[in-house]
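Trainee: Here's a structure for you.
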Amino acid sequence: MNFASNASATPKLTPNVGLANRNTFGLDASAEFAHEITSPDQIGAIMEVITEQKLPWRVLGGGSNVILPKVLPGATLLMNITGQEIVSSDEHATVIAVGGGVNWHEFVSWTLEHNLPGLENLALIPGTVGAAPIQNIGAYGVEIADYIDHIEAFDTKTQAFVTLSKEACQFAYRDSYFKQNPHRFIVTRVVFKIPKQWQARVHYADLAKQFAANSNPSAEKIFVAVCKIRTNKLPDPKIIGNAGSFFQNPIVPHEQYETLLQKHPTLVSYPDAPGKRKLAAGWIIDQCGFKGQRMGAVGVYENQALVLVNHGGGTAGDILGLAKCIQDTVRKEFGVSLVIEPNIL
Ligand code: EPU
């Protein structure tokens with residue numbers, strides 16, 4: 001790919017850039033215009049161009065949580081800010097600053113290589129470090145929010161760089177201030193605070209099973225186990241296109257949960273905020289008979305009903321058609337509305 005230079009002259013947008021390798025759903029898509037961002041200081045100038053030309057825009061990281069149309073109109077900023085450094089370290093914690101374009105899993109591996117355990121439960125989650133806080137990625141009882149100190153971002157509303165404390169990020173289940181304010185922030189650096197005190201977290205059913213005889217395994221052992229579980233349960237996007245969990249696990253009022261439990265005694269659920277219960281959407285979709293089903297080029301993954309897959313040649317329309325069919329059935333059978341997790345661009 002030959003991107004326009006980002007030197008001090010006005011930056012140029014590159015027309016018609018293929019995105020087939022930039023989305024894990026394997027959708028045949030291209031950007032009307034694209035621009036690669038390798039350093040935060042390129043952002044101001046390119047945003048001026050985008051504003052001047054009144055183009056719609058968005059940032060694309062690893063493309064692991066998006067559904068792309070055939071042509072993505074306007075400007076697509078390809079986030080490639082790399083680099084990671086230990087900023088400080090004392091007896092309590094290590095602070096690490098990481099570029100938004102760094103691959104998430106490579107960063108998790110790096111922390112373990114540097115004897116900084118904490119993120120091992122989040123191994124093998126696809127995508128970039130900059131995208132991770134937007135939907136507050138989580139797995140096996142850990143969320144990225146637990147480890148964030150602050151985030152550096154470009155605020156397109158004020159055209160200035162801002163630093164958001166962890167509190168200002170308003171993290172919640174698969175949610176954040178960034179997600180609540182779409183098309184506003186460009187995350188450039190994520191600063192993590194990894195406490196020196198470490199404890200194994202293997203309480204989630206899948207991990208607990210692996211460590212039945214050892215309740216205090218090392219971080220490396222957990223990392224390996226998480227990789228194994230994810231590899232077995234979730235399709236490898238290099239082989240079958242997918243974006244991980246396609247729906248959020250719905251959170252319902254306790255009364256609704258009690259009613260559902262009477263009707264479906266094996267309903268899988270987790271405690272949530274007081275008066276609420278989080279239901280396993282994968283279990284519900286499985287009960288509705290969708291697991292392994294195909295609808296043309298797309299389908300529901302055979303080992304995990306929460307994951308929709310593109311068997312090859314599927315389009316955004318095909319995926320959303322299947323999603324609607326699942327949502328309608330689940331609403332009819334369970335009275336629950338499923339919210340799509342990936343961003344529909
Ligand atoms: N289940 C079924 N059938 C299925 C799928 C799941 O019965 O086809 C049951 C499982 O047996 C289990 C329960 O449903 O009892 C939950 O399944 P699982 O433990 O696989 O986790 P999940 O709720 O489907 C969530 C996250 C995943 C994360 C795992 C592990 C969401 C939307 N998804 O999945 O995150 O890896 O927990 O912590 O919260 C992602 O966001 O892309 C993602 C993969």
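In the structure tokens, chains take the letters A, B, ... in the order shown, each chain's residues start at 1, and ligands count up from 1 in the order shown.
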Could you list, as a PyMOL selection string, all protein and nucleic acid residues with an atom at most 9 Å from ligand 1, counting only C-alpha atoms and all ligand atoms?

Mentor: chain A and resi 64-65+121-122+125-126+135+137-142+173-174+204-206+230+233-234+243-250+267-269+279-287+290-292+300-307+341-342

Trainee: Find the residues around A:Gly130 up to 8 Å (only C-alpha atoms counted), leave out those fewer than 6 positions away in its own chain, and share them as a list in words.

Mentor: Gly61, Gly99, Gly100, Gly101, Val102, Val187, Thr188, Arg189 and Val190 of chain A

Trainee: Skip A:Ala20 itself and residues of its chain fewer than 2 positions away, then list as number ranges by chain all residues within 10 Å of it, counting only C-alpha atoms.

Mentor: A: 17-18, 22-30, 63, 68, 70

Trainee: Quick one: contact table of stretch 112-189 of chain A to stretch 208-225 of chain A, 7 Å max, nearest atom pair and distance in Å to one decimal per residue, counting only C-alpha atoms, chain and number order, as JSON lines?

Mentor:
{"residue": "A:Pro117", "atom": "CA", "partner": "A:Ala219", "partner_atom": "CA", "distance": 5.9}
{"residue": "A:Glu120", "atom": "CA", "partner": "A:Phe223", "partner_atom": "CA", "distance": 4.7}
{"residue": "A:Asn121", "atom": "CA", "partner": "A:Phe223", "partner_atom": "CA", "distance": 6.3}
{"residue": "A:Ala123", "atom": "CA", "partner": "A:Phe223", "partner_atom": "CA", "distance": 6.1}

Trainee: State, in Å with one decimal place, the distance from atom CA of A:Ala9 to atom CA of A:Glu32.

Mentor: 21.8 Å

Trainee: Could you jot down the atom CA of A:Pro271 to atom CA of A:Gly118 separation for me, Å, one decimal place?

Mentor: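 Between atom CA of A:Pro271 and atom CA of A:Gly118 the gap is 23.0 Å.
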
Trainee: Measuring between only C-alpha atoms, which one of A:Glu85, A:His114, A:Leu77, A:Leu322 shows the shortest distance to A:Val298?

Mentor: A:Leu322

Trainee: For A:Gly275, work out the shell of residues within 10 Å, counting only C-alpha atoms and skipping chain neighbours fewer than 3 positions away, then give it as a PyMOL selection string.

Mentor: chain A and resi 252-255+257+271-272

Trainee: Could you give me, as a list of chain:residue names, the residues within 7 Å of A:Ala316, counting only C-alpha atoms and dropping anything in the same chain fewer than 3 positions from it?

Mentor: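 Here the answer would be A:Ile67, A:Leu68, A:Pro69, A:Ile319, A:Leu320.
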
Trainee: Keeping only N, CA, C and O atoms, write those residues as a compact mmCIF listing (two decimals), in the first residue's frame.

Mentor:
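Generated output (result-v2.txt):
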# COMPACT_ATOMS: atom_id res chain seq x y z
N ILE A 67 -18.49 -4.39 11.30
CA ILE A 67 -19.15 -4.96 10.12
C ILE A 67 -19.08 -3.87 9.06
O ILE A 67 -19.63 -2.78 9.25
N LEU A 68 -18.38 -4.16 7.98
CA LEU A 68 -18.12 -3.13 6.97
C LEU A 68 -19.03 -3.27 5.76
O LEU A 68 -19.26 -4.39 5.29
N PRO A 69 -19.50 -2.14 5.22
CA PRO A 69 -20.23 -2.20 3.95
C PRO A 69 -19.22 -2.39 2.81
O PRO A 69 -18.02 -2.33 3.05
N ILE A 319 -25.05 -10.84 7.04
CA ILE A 319 -24.82 -11.00 8.48
C ILE A 319 -25.96 -10.36 9.28
O ILE A 319 -26.49 -10.97 10.21
N LEU A 320 -26.35 -9.17 8.87
CA LEU A 320 -27.41 -8.47 9.62
C LEU A 320 -28.76 -9.16 9.44
O LEU A 320 -29.61 -9.13 10.34

Trainee: Just list as a VMD selection string whatever in stretch 85-277 of chain A DSSP marks as alpha helix (DSSP H).

Mentor: chain A and resid 104 to 113 177 to 180 205 to 210 219 to 233 254 to 263

Trainee: Any chance you can output those residues with N, CA and C atoms as a short mmCIF file (atom, residue, chain, number, x, y, z; two decimals), in the first residue's frame?

Mentor:
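Okay, out11.cif is ready:
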data_model
loop_
_atom_site.label_atom_id
_atom_site.label_comp_id
_atom_site.auth_asym_id
_atom_site.auth_seq_id
_atom_site.Cartn_x
_atom_site.Cartn_y
_atom_site.Cartn_z
N TRP A 104 -3.34 -6.19 20.53
CA TRP A 104 -3.66 -6.46 21.93
C TRP A 104 -2.97 -7.72 22.46
N HIS A 105 -3.08 -8.80 21.73
CA HIS A 105 -2.53 -10.07 22.22
C HIS A 105 -1.00 -9.99 22.34
N GLU A 106 -0.37 -9.31 21.38
CA GLU A 106 1.10 -9.16 21.48
C GLU A 106 1.48 -8.37 22.71
N PHE A 107 0.66 -7.37 23.05
CA PHE A 107 0.92 -6.59 24.26
C PHE A 107 0.77 -7.47 25.51
N VAL A 108 -0.29 -8.28 25.54
CA VAL A 108 -0.49 -9.17 26.71
C VAL A 108 0.73 -10.10 26.85
N SER A 109 1.20 -10.67 25.73
CA SER A 109 2.37 -11.56 25.77
C SER A 109 3.60 -10.79 26.30
N TRP A 110 3.76 -9.57 25.83
CA TRP A 110 4.89 -8.72 26.24
C TRP A 110 4.87 -8.49 27.75
N THR A 111 3.68 -8.23 28.31
CA THR A 111 3.61 -7.99 29.77
C THR A 111 4.07 -9.23 30.53
N LEU A 112 3.70 -10.39 30.04
CA LEU A 112 4.09 -11.62 30.74
C LEU A 112 5.59 -11.87 30.60
N GLU A 113 6.11 -11.60 29.39
CA GLU A 113 7.56 -11.75 29.19
C GLU A 113 8.34 -10.82 30.12
N TYR A 177 -17.14 5.75 27.93
CA TYR A 177 -17.44 7.13 27.49
C TYR A 177 -17.16 7.27 25.99
N PHE A 178 -16.15 6.56 25.50
CA PHE A 178 -15.80 6.63 24.07
C PHE A 178 -16.93 6.03 23.23
N LYS A 179 -17.47 4.92 23.70
CA LYS A 179 -18.56 4.26 22.96
C LYS A 179 -19.83 5.12 23.03
N GLN A 180 -20.01 5.79 24.16
CA GLN A 180 -21.18 6.66 24.31
C GLN A 180 -21.08 7.93 23.47
N ALA A 205 -16.17 -20.58 34.89
CA ALA A 205 -16.37 -22.03 34.73
C ALA A 205 -15.31 -22.69 33.84
N ASP A 206 -15.08 -22.12 32.65
CA ASP A 206 -14.16 -22.75 31.70
C ASP A 206 -12.75 -22.86 32.27
N LEU A 207 -12.30 -21.81 32.97
CA LEU A 207 -10.94 -21.83 33.54
C LEU A 207 -10.90 -22.70 34.78
N ALA A 208 -11.95 -22.62 35.59
CA ALA A 208 -12.00 -23.41 36.82
C ALA A 208 -11.84 -24.89 36.49
N LYS A 209 -12.48 -25.31 35.38
CA LYS A 209 -12.39 -26.71 34.96
C LYS A 209 -10.94 -27.09 34.68
N GLN A 210 -10.20 -26.20 34.02
CA GLN A 210 -8.80 -26.48 33.67
C GLN A 210 -7.92 -26.61 34.90
N ALA A 219 0.61 -17.07 36.23
CA ALA A 219 0.01 -16.27 35.16
C ALA A 219 0.27 -16.91 33.80
N GLU A 220 1.47 -17.48 33.63
CA GLU A 220 1.82 -18.11 32.35
C GLU A 220 0.89 -19.30 32.08
N LYS A 221 0.61 -20.07 33.13
CA LYS A 221 -0.28 -21.25 32.96
C LYS A 221 -1.69 -20.78 32.59
N ILE A 222 -2.14 -19.69 33.21
CA ILE A 222 -3.48 -19.17 32.89
C ILE A 222 -3.50 -18.68 31.44
N PHE A 223 -2.45 -17.98 31.07
CA PHE A 223 -2.33 -17.46 29.69
C PHE A 223 -2.46 -18.62 28.69
N VAL A 224 -1.74 -19.69 28.94
CA VAL A 224 -1.78 -20.84 28.03
C VAL A 224 -3.18 -21.46 28.02
N ALA A 225 -3.79 -21.56 29.22
CA ALA A 225 -5.12 -22.17 29.31
C ALA A 225 -6.16 -21.31 28.57
N VAL A 226 -6.08 -19.99 28.74
CA VAL A 226 -7.03 -19.10 28.07
C VAL A 226 -6.88 -19.23 26.55
N CYS A 227 -5.63 -19.27 26.10
CA CYS A 227 -5.39 -19.42 24.65
C CYS A 227 -6.02 -20.73 24.16
N LYS A 228 -5.86 -21.77 24.95
CA LYS A 228 -6.40 -23.08 24.54
C LYS A 228 -7.93 -23.04 24.48
N ILE A 229 -8.55 -22.49 25.52
CA ILE A 229 -10.02 -22.43 25.56
C ILE A 229 -10.54 -21.62 24.37
N ARG A 230 -9.92 -20.45 24.16
CA ARG A 230 -10.41 -19.58 23.09
C ARG A 230 -10.22 -20.24 21.72
N THR A 231 -9.08 -20.93 21.56
CA THR A 231 -8.81 -21.57 20.28
C THR A 231 -9.83 -22.67 20.02
N ASN A 232 -10.24 -23.38 21.07
CA ASN A 232 -11.22 -24.45 20.89
C ASN A 232 -12.62 -23.93 20.64
N LYS A 233 -12.97 -22.82 21.30
CA LYS A 233 -14.36 -22.34 21.27
C LYS A 233 -14.65 -21.34 20.18
N HIS A 254 -34.45 -8.61 37.79
CA HIS A 254 -34.48 -9.88 38.50
C HIS A 254 -35.80 -10.62 38.33
N GLU A 255 -36.91 -9.89 38.29
CA GLU A 255 -38.23 -10.55 38.16
C GLU A 255 -38.31 -11.31 36.83
N GLN A 256 -37.80 -10.67 35.78
CA GLN A 256 -37.83 -11.32 34.46
C GLN A 256 -36.96 -12.58 34.48
N TYR A 257 -35.82 -12.47 35.16
CA TYR A 257 -34.92 -13.62 35.28
C TYR A 257 -35.63 -14.77 36.00
N GLU A 258 -36.33 -14.45 37.11
CA GLU A 258 -37.04 -15.49 37.89
C GLU A 258 -38.09 -16.18 37.02
N THR A 259 -38.81 -15.40 36.24
CA THR A 259 -39.86 -15.96 35.37
C THR A 259 -39.22 -16.88 34.32
N LEU A 260 -38.11 -16.40 33.73
CA LEU A 260 -37.44 -17.20 32.70
C LEU A 260 -36.89 -18.50 33.30
N LEU A 261 -36.37 -18.39 34.53
CA LEU A 261 -35.78 -19.56 35.17
C LEU A 261 -36.82 -20.64 35.42
N GLN A 262 -38.04 -20.21 35.74
CA GLN A 262 -39.11 -21.20 35.96
C GLN A 262 -39.40 -21.96 34.68
N LYS A 263 -39.38 -21.22 33.58
CA LYS A 263 -39.67 -21.84 32.29
C LYS A 263 -38.47 -22.63 31.74
#

Trainee: Report the distance between atom CA of A:Ala45 and atom CA of A:Gln84 in Å, rounded to one decimal place.

Mentor: 24.4 Å

Trainee: Name the residues of stretch 19-86 of chain A that fall into strand (DSSP E) according to DSSP on the backbone, using the chain letters and numbers of this document, as an MDAnalysis selection string.

Mentor: chainID A and resid 30:37 57:60 66:67 71:79 84:86

Trainee: Please dump the current selection as a JSON list (two decimals), in the first residue's frame; keep N, CA, C and O atoms.

Mentor:
[["chain", "number", "residue", "atom", "x", "y", "z"],
["A", 30, "SER", "N", -13.90, -1.80, 0.91],
["A", 30, "SER", "CA", -12.83, -0.84, 0.68],
["A", 30, "SER", "C", -13.24, 0.51, 1.25],
["A", 30, "SER", "O", -14.42, 0.78, 1.45],
["A", 31, "ALA", "N", -12.23, 1.33, 1.49],
["A", 31, "ALA", "CA", -12.49, 2.67, 2.02],
["A", 31, "ALA", "C", -12.48, 3.64, 0.85],
["A", 31, "ALA", "O", -11.58, 3.57, 0.00],
["A", 32, "GLU", "N", -13.47, 4.53, 0.83],
["A", 32, "GLU", "CA", -13.48, 5.56, -0.23],
["A", 32, "GLU", "C", -12.15, 6.32, -0.18],
["A", 32, "GLU", "O", -11.49, 6.52, -1.18],
["A", 33, "PHE", "N", -11.78, 6.71, 1.06],
["A", 33, "PHE", "CA", -10.47, 7.32, 1.30],
["A", 33, "PHE", "C", -9.91, 6.75, 2.59],
["A", 33, "PHE", "O", -10.67, 6.44, 3.51],
["A", 34, "ALA", "N", -8.58, 6.63, 2.64],
["A", 34, "ALA", "CA", -7.96, 6.17, 3.89],
["A", 34, "ALA", "C", -6.70, 6.96, 4.16],
["A", 34, "ALA", "O", -6.13, 7.60, 3.26],
["A", 35, "HIS", "N", -6.29, 6.92, 5.42],
["A", 35, "HIS", "CA", -5.04, 7.59, 5.80],
["A", 35, "HIS", "C", -4.47, 6.86, 6.99],
["A", 35, "HIS", "O", -5.17, 6.61, 7.98],
["A", 36, "GLU", "N", -3.19, 6.52, 6.88],
["A", 36, "GLU", "CA", -2.56, 5.78, 7.96],
["A", 36, "GLU", "C", -2.02, 6.74, 9.01],
["A", 36, "GLU", "O", -1.35, 7.72, 8.68],
["A", 37, "ILE", "N", -2.35, 6.45, 10.27],
["A", 37, "ILE", "CA", -1.87, 7.29, 11.38],
["A", 37, "ILE", "C", -0.78, 6.51, 12.12],
["A", 37, "ILE", "O", -1.07, 5.47, 12.72],
["A", 57, "TRP", "N", -16.14, 10.17, 8.87],
["A", 57, "TRP", "CA", -14.86, 9.53, 9.16],
["A", 57, "TRP", "C", -15.01, 8.55, 10.31],
["A", 57, "TRP", "O", -15.98, 8.59, 11.06],
["A", 58, "ARG", "N", -14.04, 7.69, 10.45],
["A", 58, "ARG", "CA", -13.96, 6.77, 11.58],
["A", 58, "ARG", "C", -12.54, 6.23, 11.64],
["A", 58, "ARG", "O", -11.78, 6.35, 10.68],
["A", 59, "VAL", "N", -12.23, 5.63, 12.80],
["A", 59, "VAL", "CA", -10.92, 5.03, 12.98],
["A", 59, "VAL", "C", -11.08, 3.53, 12.85],
["A", 59, "VAL", "O", -12.05, 2.95, 13.34],
["A", 60, "LEU", "N", -10.15, 2.89, 12.18],
["A", 60, "LEU", "CA", -10.17, 1.43, 12.10],
["A", 60, "LEU", "C", -8.87, 0.91, 12.72],
["A", 60, "LEU", "O", -7.78, 1.32, 12.34],
["A", 66, "VAL", "N", -15.96, -4.98, 13.80],
["A", 66, "VAL", "CA", -16.73, -4.13, 12.89],
["A", 66, "VAL", "C", -17.40, -4.96, 11.79],
["A", 66, "VAL", "O", -16.94, -6.04, 11.44],
["A", 67, "ILE", "N", -18.49, -4.39, 11.30],
["A", 67, "ILE", "CA", -19.15, -4.96, 10.12],
["A", 67, "ILE", "C", -19.08, -3.87, 9.06],
["A", 67, "ILE", "O", -19.63, -2.78, 9.25],
["A", 71, "VAL", "N", -18.44, -0.42, 0.37],
["A", 71, "VAL", "CA", -17.59, 0.77, 0.30],
["A", 71, "VAL", "C", -17.87, 1.62, 1.54],
["A", 71, "VAL", "O", -19.02, 1.98, 1.80],
["A", 72, "LEU", "N", -16.82, 1.90, 2.27],
["A", 72, "LEU", "CA", -16.94, 2.70, 3.48],
["A", 72, "LEU", "C", -16.79, 4.16, 3.05],
["A", 72, "LEU", "O", -15.71, 4.60, 2.65],
["A", 73, "PRO", "N", -17.89, 4.93, 3.10],
["A", 73, "PRO", "CA", -17.81, 6.29, 2.57],
["A", 73, "PRO", "C", -16.95, 7.21, 3.44],
["A", 73, "PRO", "O", -16.83, 7.00, 4.64],
["A", 74, "GLY", "N", -16.35, 8.22, 2.80],
["A", 74, "GLY", "CA", -15.57, 9.21, 3.54],
["A", 74, "GLY", "C", -14.19, 8.68, 3.90],
["A", 74, "GLY", "O", -13.62, 7.87, 3.19],
["A", 75, "ALA", "N", -13.69, 9.16, 5.04],
["A", 75, "ALA", "CA", -12.29, 8.89, 5.41],
["A", 75, "ALA", "C", -12.19, 7.83, 6.50],
["A", 75, "ALA", "O", -12.90, 7.90, 7.50],
["A", 76, "THR", "N", -11.32, 6.88, 6.27],
["A", 76, "THR", "CA", -11.04, 5.84, 7.27],
["A", 76, "THR", "C", -9.60, 6.04, 7.75],
["A", 76, "THR", "O", -8.66, 5.99, 6.95],
["A", 77, "LEU", "N", -9.45, 6.28, 9.03],
["A", 77, "LEU", "CA", -8.11, 6.48, 9.59],
["A", 77, "LEU", "C", -7.61, 5.13, 10.09],
["A", 77, "LEU", "O", -8.24, 4.51, 10.95],
["A", 78, "LEU", "N", -6.51, 4.69, 9.53],
["A", 78, "LEU", "CA", -5.96, 3.38, 9.90],
["A", 78, "LEU", "C", -4.97, 3.57, 11.03],
["A", 78, "LEU", "O", -3.90, 4.15, 10.86],
["A", 79, "MET", "N", -5.38, 3.12, 12.21],
["A", 79, "MET", "CA", -4.59, 3.38, 13.42],
["A", 79, "MET", "C", -3.37, 2.46, 13.48],
["A", 79, "MET", "O", -3.50, 1.25, 13.60],
["A", 84, "GLN", "N", 5.61, 0.68, 23.01],
["A", 84, "GLN", "CA", 5.18, 0.49, 24.40],
["A", 84, "GLN", "C", 6.37, 0.69, 25.30],
["A", 84, "GLN", "O", 7.47, 0.27, 24.99],
["A", 85, "GLU", "N", 6.14, 1.38, 26.41],
["A", 85, "GLU", "CA", 7.27, 1.64, 27.32],
["A", 85, "GLU", "C", 6.79, 1.64, 28.77],
["A", 85, "GLU", "O", 5.66, 2.04, 29.06],
["A", 86, "ILE", "N", 7.70, 1.19, 29.63],
["A", 86, "ILE", "CA", 7.41, 1.26, 31.05],
["A", 86, "ILE", "C", 7.71, 2.69, 31.49],
["A", 86, "ILE", "O", 8.83, 3.17, 31.33]]

Trainee: Return the single residue from A:Met295, A:Met47, A:Leu308, A:Ile251 that is closest to A:Val339, with distances computed using only C-alpha atoms.

Mentor: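 Of A:Met295, A:Met47, A:Leu308, A:Ile251, the one nearest A:Val339 is A:Ile251, counting only C-alpha atoms.
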
Trainee: Using only C-alpha atoms, which residues sit within 8 Å of stretch 38-44 of chain A once same-chain residues fewer than 5 positions away are excluded, as a list in words?

Mentor: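 Those residues are Asn6, Met79, Asn80, Ile81, Thr82, Phe154, Gln159, Ala160 and Thr188 of chain A.
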
Trainee: Counting only C-alpha atoms, figure out which residue out of A:Tyr270, A:Lys193, A:Leu164, A:Gly241 gets nearest to A:Gly313.

Mentor: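 Nearest candidate to A:Gly313 out of A:Tyr270, A:Lys193, A:Leu164, A:Gly241: A:Gly241.
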
Trainee: Hey, which of A:Val191, A:Ala273, A:Ala200, A:Ile134 ends up closest to A:Phe171? Count only C-alpha atoms.

Mentor: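 Distance minimum relative to A:Phe171 lands on A:Ile134.
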
Trainee: If we count only C-alpha atoms, what is near A:Phe185 at a cut-off of 9 Å, once residues fewer than 2 positions away on the same chain are taken out, given as a PyMOL selection string?

Mentor: chain A and resi 153-157+178+181-183+187

Trainee: Could you dump the residues just selected with all heavy atoms as a compact mmCIF listing (two decimals), in the first residue's frame?

Mentor:
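Full text of part_8.txt as output:
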# COMPACT_ATOMS: atom_id res chain seq x y z
N ALA A 153 -6.13 10.80 24.10
CA ALA A 153 -6.93 10.76 22.87
C ALA A 153 -7.00 12.15 22.25
O ALA A 153 -6.79 13.15 22.93
CB ALA A 153 -8.34 10.26 23.19
N PHE A 154 -7.31 12.16 20.97
CA PHE A 154 -7.58 13.43 20.29
C PHE A 154 -9.08 13.63 20.32
O PHE A 154 -9.84 12.76 19.90
CB PHE A 154 -7.07 13.37 18.84
CG PHE A 154 -7.20 14.67 18.11
CD1 PHE A 154 -6.27 15.70 18.30
CD2 PHE A 154 -8.26 14.90 17.23
CE1 PHE A 154 -6.39 16.90 17.62
CE2 PHE A 154 -8.39 16.10 16.56
CZ PHE A 154 -7.45 17.11 16.75
N ASP A 155 -9.51 14.77 20.85
CA ASP A 155 -10.94 15.07 20.93
C ASP A 155 -11.30 15.93 19.72
O ASP A 155 -10.92 17.10 19.63
CB ASP A 155 -11.22 15.83 22.24
CG ASP A 155 -12.71 16.11 22.42
OD1 ASP A 155 -13.49 15.84 21.49
OD2 ASP A 155 -13.08 16.60 23.50
N THR A 156 -12.04 15.34 18.78
CA THR A 156 -12.33 16.08 17.54
C THR A 156 -13.34 17.20 17.79
O THR A 156 -13.50 18.08 16.95
CB THR A 156 -12.86 15.13 16.45
OG1 THR A 156 -14.04 14.49 16.92
CG2 THR A 156 -11.83 14.08 16.08
N LYS A 157 -14.00 17.18 18.94
CA LYS A 157 -14.96 18.25 19.24
C LYS A 157 -14.20 19.55 19.55
O LYS A 157 -14.60 20.62 19.11
CB LYS A 157 -15.82 17.83 20.43
CG LYS A 157 -17.08 18.62 20.59
CD LYS A 157 -17.99 17.95 21.59
CE LYS A 157 -19.12 18.87 22.01
NZ LYS A 157 -19.88 18.26 23.10
N PHE A 178 -16.15 6.56 25.50
CA PHE A 178 -15.80 6.63 24.07
C PHE A 178 -16.93 6.03 23.23
O PHE A 178 -17.30 6.55 22.19
CB PHE A 178 -14.50 5.87 23.78
CG PHE A 178 -13.35 6.33 24.62
CD1 PHE A 178 -12.93 5.59 25.72
CD2 PHE A 178 -12.72 7.52 24.34
CE1 PHE A 178 -11.88 6.03 26.50
CE2 PHE A 178 -11.67 7.98 25.12
CZ PHE A 178 -11.25 7.23 26.21
N ASN A 181 -19.86 8.26 23.07
CA ASN A 181 -19.64 9.47 22.26
C ASN A 181 -18.95 9.10 20.95
O ASN A 181 -17.79 9.44 20.72
CB ASN A 181 -18.76 10.46 23.03
CG ASN A 181 -19.51 11.07 24.18
OD1 ASN A 181 -20.21 12.07 24.03
ND2 ASN A 181 -19.40 10.46 25.34
N PRO A 182 -19.69 8.38 20.09
CA PRO A 182 -19.04 7.92 18.86
C PRO A 182 -18.60 9.09 17.97
O PRO A 182 -19.15 10.18 18.08
CB PRO A 182 -20.13 7.08 18.18
CG PRO A 182 -21.41 7.45 18.83
CD PRO A 182 -21.09 8.02 20.17
N HIS A 183 -17.62 8.83 17.13
CA HIS A 183 -17.11 9.84 16.20
C HIS A 183 -16.56 11.06 16.92
O HIS A 183 -16.65 12.17 16.42
CB HIS A 183 -18.19 10.28 15.20
CG HIS A 183 -18.84 9.12 14.52
ND1 HIS A 183 -18.15 8.27 13.70
CD2 HIS A 183 -20.10 8.66 14.58
CE1 HIS A 183 -18.97 7.34 13.27
NE2 HIS A 183 -20.15 7.54 13.80
N VAL A 187 -8.32 7.42 20.09
CA VAL A 187 -7.43 6.97 21.17
C VAL A 187 -6.02 6.79 20.61
O VAL A 187 -5.81 6.04 19.66
CB VAL A 187 -7.94 5.65 21.78
CG1 VAL A 187 -6.94 5.10 22.79
CG2 VAL A 187 -9.31 5.85 22.43
